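Asker: My questions all concern the structure below.
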Amino acid sequence: MKPIWIVDDDHSIRFVLEKALAREQLAVRSFSTSRDVLAALDERDEPQVLVSDIRMPGGSGIELLSRIKARLPGLPVIVMTAYSDIDSAVSAFQGGAFEYLPKPFDVPKAVELIRRAVDESLREEVAEIGASPMPEMLGQAPAMQDVFRAIGRLSQSHVTVLITGESGSGKELVARALHKHSPRAGGPFIAINTAAIPKDLLESELFGHERGAFTGAQTMRRGRFEQADGGTLFLDEIGDMPFDLQTRLLRVLSDGQFYRVGGHQPLRANVRVIAATHQNLEERVRHGAFREDLFHRLNVIRLRLPPLRERREDIPMLVRSFLARSARELGVDAKRITEAALQRLAAFDFPGNVRQLENVCHWLTVMAPAQVVEVEDLPPELLAAVPRPAVASVAGAAPGAGVAAPPLRATGAGLARSASEVAAAPAGSSPAAPALAEPMPASAPGAGPIAIDENWIAGMEREVRSLMQSGHPEVWDTLSRRFEAKMILAALEVTRGRRIEAAQRLGIGRNTITRKIQELGLGD
């Protein structure tokens with residue numbers, strides 16, 4: 001979520017609201033003049049909610065409201081005003097303000113009002129998502145970006161493609177994207193699941209039949225190859241095709257000719273074939289269940305579609321997209337989902353992959369009792385599953401051995417080692433300066449809980465005492481900011497700057513790490 005912007009030339013007002021919103025775990029950015037707000041907007045920063053005073057030097061809140069609404073018409077703006085400025089409050093409402101906050105105000109009521117404005121802005125965002133056309137495919141994970149790049153490279157090609165991936169991972173979506181972005185996009189896209197059609201009917205489905213070719217063949221019927229002429233034929237679950245039909249398919253792929261069932265006249269069709277399977281075709285070739293020559297004919301270009309558990313960072317955007325789609329199909333308001341619920345979904349393995357996640361979102365749209373989905377609203381099978389913990393290991397240590405955290409510096413210069421020191425520490429270092437290895441996969445067998453080295457805790461205690469004895473103000477905030485900054489910098493160095501992966505490994509949300517980077521000034 002984006003930060004709340006507070007605009008007031010009175011430092012005490014800004015301070016009170018900053019502290020109150022921070023306690024509510026809401027990110028805040030403060031400004032003393034309307035000029036500063038407009039300058040931030042020029043830098044393409046945007047708030048979730050704007051809280052603005054009316055009377056300020058360098059431009060009034062009413063003028064700011066007008067200019068803000070021209071740029072961001074859906075942004076909730078709360079106008080702060082003294083009782084004597086009630087006329088200005090009326091003007092603010094006429095200018096599109098969400099609400100006005102009279103001064104002096106009760107802090108809890110102010111926070112409640114800002115919370116309502118945040119909810120309104122989130123509803124607007126969901127509505128925009130639901131109203132906009134859904135992209136054919138979503139994915140920020142590196143493995144999905146590789147798939148998108150491959151689709152782009154194949155956009156001007158007619159070559160045969162074999163798509164591999166688990167059931168429910170979206171193989172047909174990839175096939176449709178390959179067709180849509182190819183020179184054949186104006187032609188038909190014909191899909192057939194070879195595993196779902198009985199063997200006796202599959203030949204007729206693929207190649208058609210002549211009248212009287214078999215009992216019940218009352219008329220001539222064109223097969224899928226003829227129907228796909230000039231376009232693309234998608235053969236799903238090709239690994240389950242009967243062996244004798246594989247021979248006929250190979251002949252079509254080799255010379256482009258085929259016969260209808262019961263026919264004697266050779267036919268030709270200008271068709272691009274895209275095949276898909278969840279099976280290991282090499283293994284089926286070794287066992288004699290799949291023709292080797294057909295395998296090589298299909299395996300010209302192979303695209304592997306990753307399962308959802310290998311692209312967990314895509315789950316939040318997929319969830320929001322599926323919730324919006326389900327709401328649109330059912331004609332209801334789209335549900336919103338909390339960060340905790342998203343993290344619980346991201347920890348689930350989803351054996352049914354994207355299809356299963358889409359079904360979960362449809363279930364939530366129908367069954368979740370409130371408009372905001374909490375962890376306890378998730379389907380029972382997800383709640384019953386044990387969440388996958390974030391696990392790390394010491395370089396060279398056996399699985400299950402704990403990782404010792406590096407000692408904290410007990411000085412005012414900082415609480416933790418720098419990220420570069422952590423990354424550069426060699427494997428096998430002494431216990432006083434252990435090296436951090438790449439985290440073990442969460443599924444690693446025998447992985448145990450992380451062991452905490454007491455040295456850095458003692459160092460932190462000494463630092464707290466030192467700062468308090470010196471009369472340092474806001475010890476908690478000072479040390480918390482240092483600690484969070486060091487953790488995030490170390491995580492970003494381990495993940496080579498990939499924020500989503502760093503957030504996942506730290507066990508926090510993507511929005512949280514983005515907000516923390518902004519708050520701590522780590523973005524430069």
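Chain labels run A, B, ... following the order of the structure tokens; each chain numbers its residues from 1, and ligands are numbered from 1 in the order shown.
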What are the DSSP helix (DSSP H, G or I) residues of range 16-171 of chain A, as an MDAnalysis selection string?

Answerer: chainID A and resid 16:23 34:42 61:71 83:94 107:131 142:153 171

Asker: Hey, what's within 9 Å of Arg481 in chain A if we count only C-alpha atoms and toss same-chain stuff fewer than 4 positions away? As a VMD selection string, please?

Answerer: chain A and resid 476 to 477 485 to 486 519 to 520

Asker: Mind pulling up the distance from CA of Gln343 in chain A to CA of Ile508 in chain A?

Answerer: 8.0 Å

Asker: Which residue is closest to Ser155 in chain A? Choose from A:Thr365, A:Thr478, A:Gln140, A:Ser182 and count only C-alpha atoms.

Answerer: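 Smallest distance to Ser155 in chain A is found for A:Ser182.
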
Asker: Residues near Val375 in chain A, anyone? I mean within 10 Å using only C-alpha atoms, not counting same-chain ones fewer than 6 positions away, as number ranges by chain.

Answerer: A: 337-345, 382-383

Asker: Find the distance between CA of Leu233 in chain A and CA of Ala275 in chain A and write it in Å to one decimal.

Answerer: 8.3 Å

Asker: Just how far from CA of Gly139 in chain A is CA of Leu41 in chain A, in Å to one decimal?

Answerer: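 These atoms are spaced 28.1 Å apart.
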
Asker: Point out the residue among A:Asp146, A:Glu210, A:Glu358, A:Glu226 with the least atom-to-atom distance to Pro306 in chain A, counting only C-alpha atoms.

Answerer: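 Smallest separation from Pro306 in chain A among the options: A:Asp146.
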
Asker: If you run DSSP on the backbone here, which positions in range 179-400 of chain A get strand (DSSP E)? Please write them as a PyMOL selection string.

Answerer: chain A and resi 189-193+208-209+221-222+232-236+257-258+267-268+272-277+301-304+336-337+372-373

Asker: Would you save the residues of that selection, restricted to N, CA and C atoms, as an mmCIF file, in the first residue's frame?

Answerer:
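Result went into selection34.cif, see below:
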```cif
data_model
loop_
_atom_site.group_PDB
_atom_site.id
_atom_site.type_symbol
_atom_site.label_atom_id
_atom_site.label_comp_id
_atom_site.auth_asym_id
_atom_site.auth_seq_id
_atom_site.Cartn_x
_atom_site.Cartn_y
_atom_site.Cartn_z
ATOM 1 N N PHE A 189 -7.897 -20.853 -33.803
ATOM 2 C CA PHE A 189 -7.132 -21.586 -32.794
ATOM 3 C C PHE A 189 -8.018 -22.741 -32.348
ATOM 4 N N ILE A 190 -7.611 -23.954 -32.653
ATOM 5 C CA ILE A 190 -8.398 -25.150 -32.346
ATOM 6 C C ILE A 190 -7.635 -25.967 -31.309
ATOM 7 N N ALA A 191 -8.294 -26.264 -30.196
ATOM 8 C CA ALA A 191 -7.667 -27.023 -29.119
ATOM 9 C C ALA A 191 -8.384 -28.353 -28.946
ATOM 10 N N ILE A 192 -7.608 -29.407 -28.689
ATOM 11 C CA ILE A 192 -8.173 -30.721 -28.424
ATOM 12 C C ILE A 192 -7.340 -31.402 -27.358
ATOM 13 N N ASN A 193 -8.011 -31.963 -26.360
ATOM 14 C CA ASN A 193 -7.338 -32.703 -25.297
ATOM 15 C C ASN A 193 -7.339 -34.171 -25.692
ATOM 16 N N GLY A 208 -11.317 -36.228 -39.121
ATOM 17 C CA GLY A 208 -12.634 -36.218 -39.731
ATOM 18 C C GLY A 208 -12.999 -37.584 -40.280
ATOM 19 N N HIS A 209 -14.225 -37.693 -40.814
ATOM 20 C CA HIS A 209 -14.645 -38.968 -41.395
ATOM 21 C C HIS A 209 -15.597 -38.707 -42.561
ATOM 22 N N ARG A 221 -17.781 -35.351 -41.889
ATOM 23 C CA ARG A 221 -17.384 -34.424 -40.816
ATOM 24 C C ARG A 221 -15.927 -34.037 -40.983
ATOM 25 N N ARG A 222 -15.687 -32.734 -40.909
ATOM 26 C CA ARG A 222 -14.320 -32.231 -40.976
ATOM 27 C C ARG A 222 -13.659 -32.395 -39.612
ATOM 28 N N THR A 232 -3.832 -22.436 -35.916
ATOM 29 C CA THR A 232 -3.028 -23.225 -34.981
ATOM 30 C C THR A 232 -3.868 -24.350 -34.404
ATOM 31 N N LEU A 233 -3.283 -25.554 -34.336
ATOM 32 C CA LEU A 233 -3.907 -26.700 -33.692
ATOM 33 C C LEU A 233 -3.135 -27.006 -32.416
ATOM 34 N N PHE A 234 -3.834 -26.959 -31.284
ATOM 35 C CA PHE A 234 -3.209 -27.222 -29.984
ATOM 36 C C PHE A 234 -3.583 -28.623 -29.533
ATOM 37 N N LEU A 235 -2.603 -29.506 -29.443
ATOM 38 C CA LEU A 235 -2.796 -30.886 -29.011
ATOM 39 C C LEU A 235 -2.376 -30.989 -27.551
ATOM 40 N N ASP A 236 -3.351 -30.918 -26.659
ATOM 41 C CA ASP A 236 -3.065 -30.973 -25.224
ATOM 42 C C ASP A 236 -2.929 -32.431 -24.779
ATOM 43 N N GLN A 257 0.019 -34.263 -45.263
ATOM 44 C CA GLN A 257 -1.120 -34.965 -45.853
ATOM 45 C C GLN A 257 -1.806 -35.852 -44.826
ATOM 46 N N PHE A 258 -3.125 -36.011 -44.987
ATOM 47 C CA PHE A 258 -3.868 -36.936 -44.138
ATOM 48 C C PHE A 258 -5.129 -37.369 -44.883
ATOM 49 N N LEU A 267 -5.800 -35.213 -48.228
ATOM 50 C CA LEU A 267 -6.132 -33.828 -47.933
ATOM 51 C C LEU A 267 -4.904 -33.128 -47.362
ATOM 52 N N ARG A 268 -4.878 -31.819 -47.512
ATOM 53 C CA ARG A 268 -3.780 -31.019 -46.950
ATOM 54 C C ARG A 268 -4.372 -29.884 -46.099
ATOM 55 N N ARG A 272 -0.247 -24.926 -38.007
ATOM 56 C CA ARG A 272 0.879 -24.949 -37.068
ATOM 57 C C ARG A 272 0.451 -25.767 -35.855
ATOM 58 N N VAL A 273 1.268 -26.730 -35.462
ATOM 59 C CA VAL A 273 0.944 -27.601 -34.344
ATOM 60 C C VAL A 273 1.711 -27.164 -33.102
ATOM 61 N N ILE A 274 0.975 -26.974 -32.014
ATOM 62 C CA ILE A 274 1.569 -26.748 -30.685
ATOM 63 C C ILE A 274 1.072 -27.879 -29.796
ATOM 64 N N ALA A 275 1.983 -28.599 -29.180
ATOM 65 C CA ALA A 275 1.628 -29.729 -28.326
ATOM 66 C C ALA A 275 1.993 -29.414 -26.883
ATOM 67 N N ALA A 276 1.315 -30.097 -25.969
ATOM 68 C CA ALA A 276 1.594 -29.891 -24.545
ATOM 69 C C ALA A 276 1.434 -31.202 -23.804
ATOM 70 N N THR A 277 2.165 -31.352 -22.720
ATOM 71 C CA THR A 277 2.050 -32.553 -21.898
ATOM 72 C C THR A 277 2.552 -32.269 -20.493
ATOM 73 N N ILE A 301 11.000 -26.719 -30.565
ATOM 74 C CA ILE A 301 11.200 -25.704 -29.520
ATOM 75 C C ILE A 301 10.409 -26.167 -28.298
ATOM 76 N N ARG A 302 11.082 -26.222 -27.148
ATOM 77 C CA ARG A 302 10.382 -26.649 -25.936
ATOM 78 C C ARG A 302 10.309 -25.489 -24.952
ATOM 79 N N LEU A 303 9.109 -25.270 -24.420
ATOM 80 C CA LEU A 303 8.898 -24.269 -23.380
ATOM 81 C C LEU A 303 8.465 -24.985 -22.106
ATOM 82 N N ARG A 304 9.209 -24.779 -21.016
ATOM 83 C CA ARG A 304 8.820 -25.361 -19.733
ATOM 84 C C ARG A 304 8.078 -24.306 -18.924
ATOM 85 N N ARG A 336 -11.317 -7.836 -1.092
ATOM 86 C CA ARG A 336 -9.922 -7.472 -0.858
ATOM 87 C C ARG A 336 -9.335 -8.503 0.084
ATOM 88 N N ILE A 337 -8.022 -8.593 0.122
ATOM 89 C CA ILE A 337 -7.380 -9.635 0.911
ATOM 90 C C ILE A 337 -6.236 -9.039 1.709
ATOM 91 N N VAL A 372 -13.375 -8.016 3.294
ATOM 92 C CA VAL A 372 -11.922 -8.154 3.401
ATOM 93 C C VAL A 372 -11.611 -9.581 3.855
ATOM 94 N N VAL A 373 -10.816 -10.303 3.073
ATOM 95 C CA VAL A 373 -10.515 -11.706 3.357
ATOM 96 C C VAL A 373 -9.376 -11.786 4.360
#
```

Asker: Closest to Val159 in chain A among A:Lys103, A:Arg284, A:Arg297, A:Arg515, using only C-alpha atoms?

Answerer: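 Closest to Val159 in chain A of all the choices is A:Arg297.
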
Asker: Excluding Glu46 in chain A and its own-chain neighbours fewer than 5 positions away, which residues fall within 10 Å of it when counting only C-alpha atoms? Please give them as a PyMOL selection string.

Answerer: chain A and resi 2-5+37+40-41+72+75

Asker: With N, CA and C atoms retained, could you export that selection as a PDB file, in the first residue's frame?

Answerer:
```pdb
ATOM      1  N   LYS A   2       0.433   2.274  -0.696  1.00  0.00           N
ATOM      2  CA  LYS A   2       1.193   3.517  -0.771  1.00  0.00           C
ATOM      3  C   LYS A   2       1.057   4.291   0.541  1.00  0.00           C
ATOM      4  N   PRO A   3       1.968   5.229   0.832  1.00  0.00           N
ATOM      5  CA  PRO A   3       1.914   5.950   2.113  1.00  0.00           C
ATOM      6  C   PRO A   3       0.787   6.980   2.168  1.00  0.00           C
ATOM      7  N   ILE A   4       0.439   7.345   3.402  1.00  0.00           N
ATOM      8  CA  ILE A   4      -0.485   8.463   3.636  1.00  0.00           C
ATOM      9  C   ILE A   4       0.328   9.751   3.592  1.00  0.00           C
ATOM     10  N   TRP A   5      -0.140  10.749   2.836  1.00  0.00           N
ATOM     11  CA  TRP A   5       0.558  12.036   2.775  1.00  0.00           C
ATOM     12  C   TRP A   5      -0.161  13.032   3.694  1.00  0.00           C
ATOM     13  N   VAL A  37       4.184  19.006  -2.157  1.00  0.00           N
ATOM     14  CA  VAL A  37       3.320  17.905  -2.585  1.00  0.00           C
ATOM     15  C   VAL A  37       3.290  17.811  -4.106  1.00  0.00           C
ATOM     16  N   ALA A  40       6.437  16.369  -5.440  1.00  0.00           N
ATOM     17  CA  ALA A  40       6.502  14.911  -5.276  1.00  0.00           C
ATOM     18  C   ALA A  40       5.654  14.207  -6.331  1.00  0.00           C
ATOM     19  N   LEU A  41       4.502  14.793  -6.652  1.00  0.00           N
ATOM     20  CA  LEU A  41       3.667  14.211  -7.700  1.00  0.00           C
ATOM     21  C   LEU A  41       4.359  14.271  -9.053  1.00  0.00           C
ATOM     22  N   LEU A  72      -5.348  13.091  -9.979  1.00  0.00           N
ATOM     23  CA  LEU A  72      -5.737  11.804  -9.394  1.00  0.00           C
ATOM     24  C   LEU A  72      -7.191  11.898  -8.933  1.00  0.00           C
ATOM     25  N   LEU A  75      -8.390   9.808  -5.841  1.00  0.00           N
ATOM     26  CA  LEU A  75      -7.656   9.870  -4.572  1.00  0.00           C
ATOM     27  C   LEU A  75      -8.526  10.476  -3.472  1.00  0.00           C
TER      28      LEU A  75
END
```

Asker: Please provide as a PDB file with C-alpha atoms, in the first residue's frame all residues within 6 Å of Asp229 in chain A, with the sequence filter that same-chain residues fewer than 6 positions apart are discarded (counting only C-alpha atoms).

Answerer:
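The result, written out as result_10.pdb:
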```
ATOM      1  CA  ALA A 269      -4.079 -28.404 -44.215  1.00  0.00           C
ATOM      2  CA  ASN A 270      -1.831 -25.438 -43.522  1.00  0.00           C
ATOM      3  CA  VAL A 271      -1.627 -25.861 -39.742  1.00  0.00           C
TER       4      VAL A 271
END
```

Asker: Pick out the closest residue to Glu120 in chain A from this set: A:Val332, A:Ala27, A:Val77, A:Ile151. Count only C-alpha atoms.

Answerer: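 With only C-alpha atoms as the atom set, the closest residue is A:Val77.
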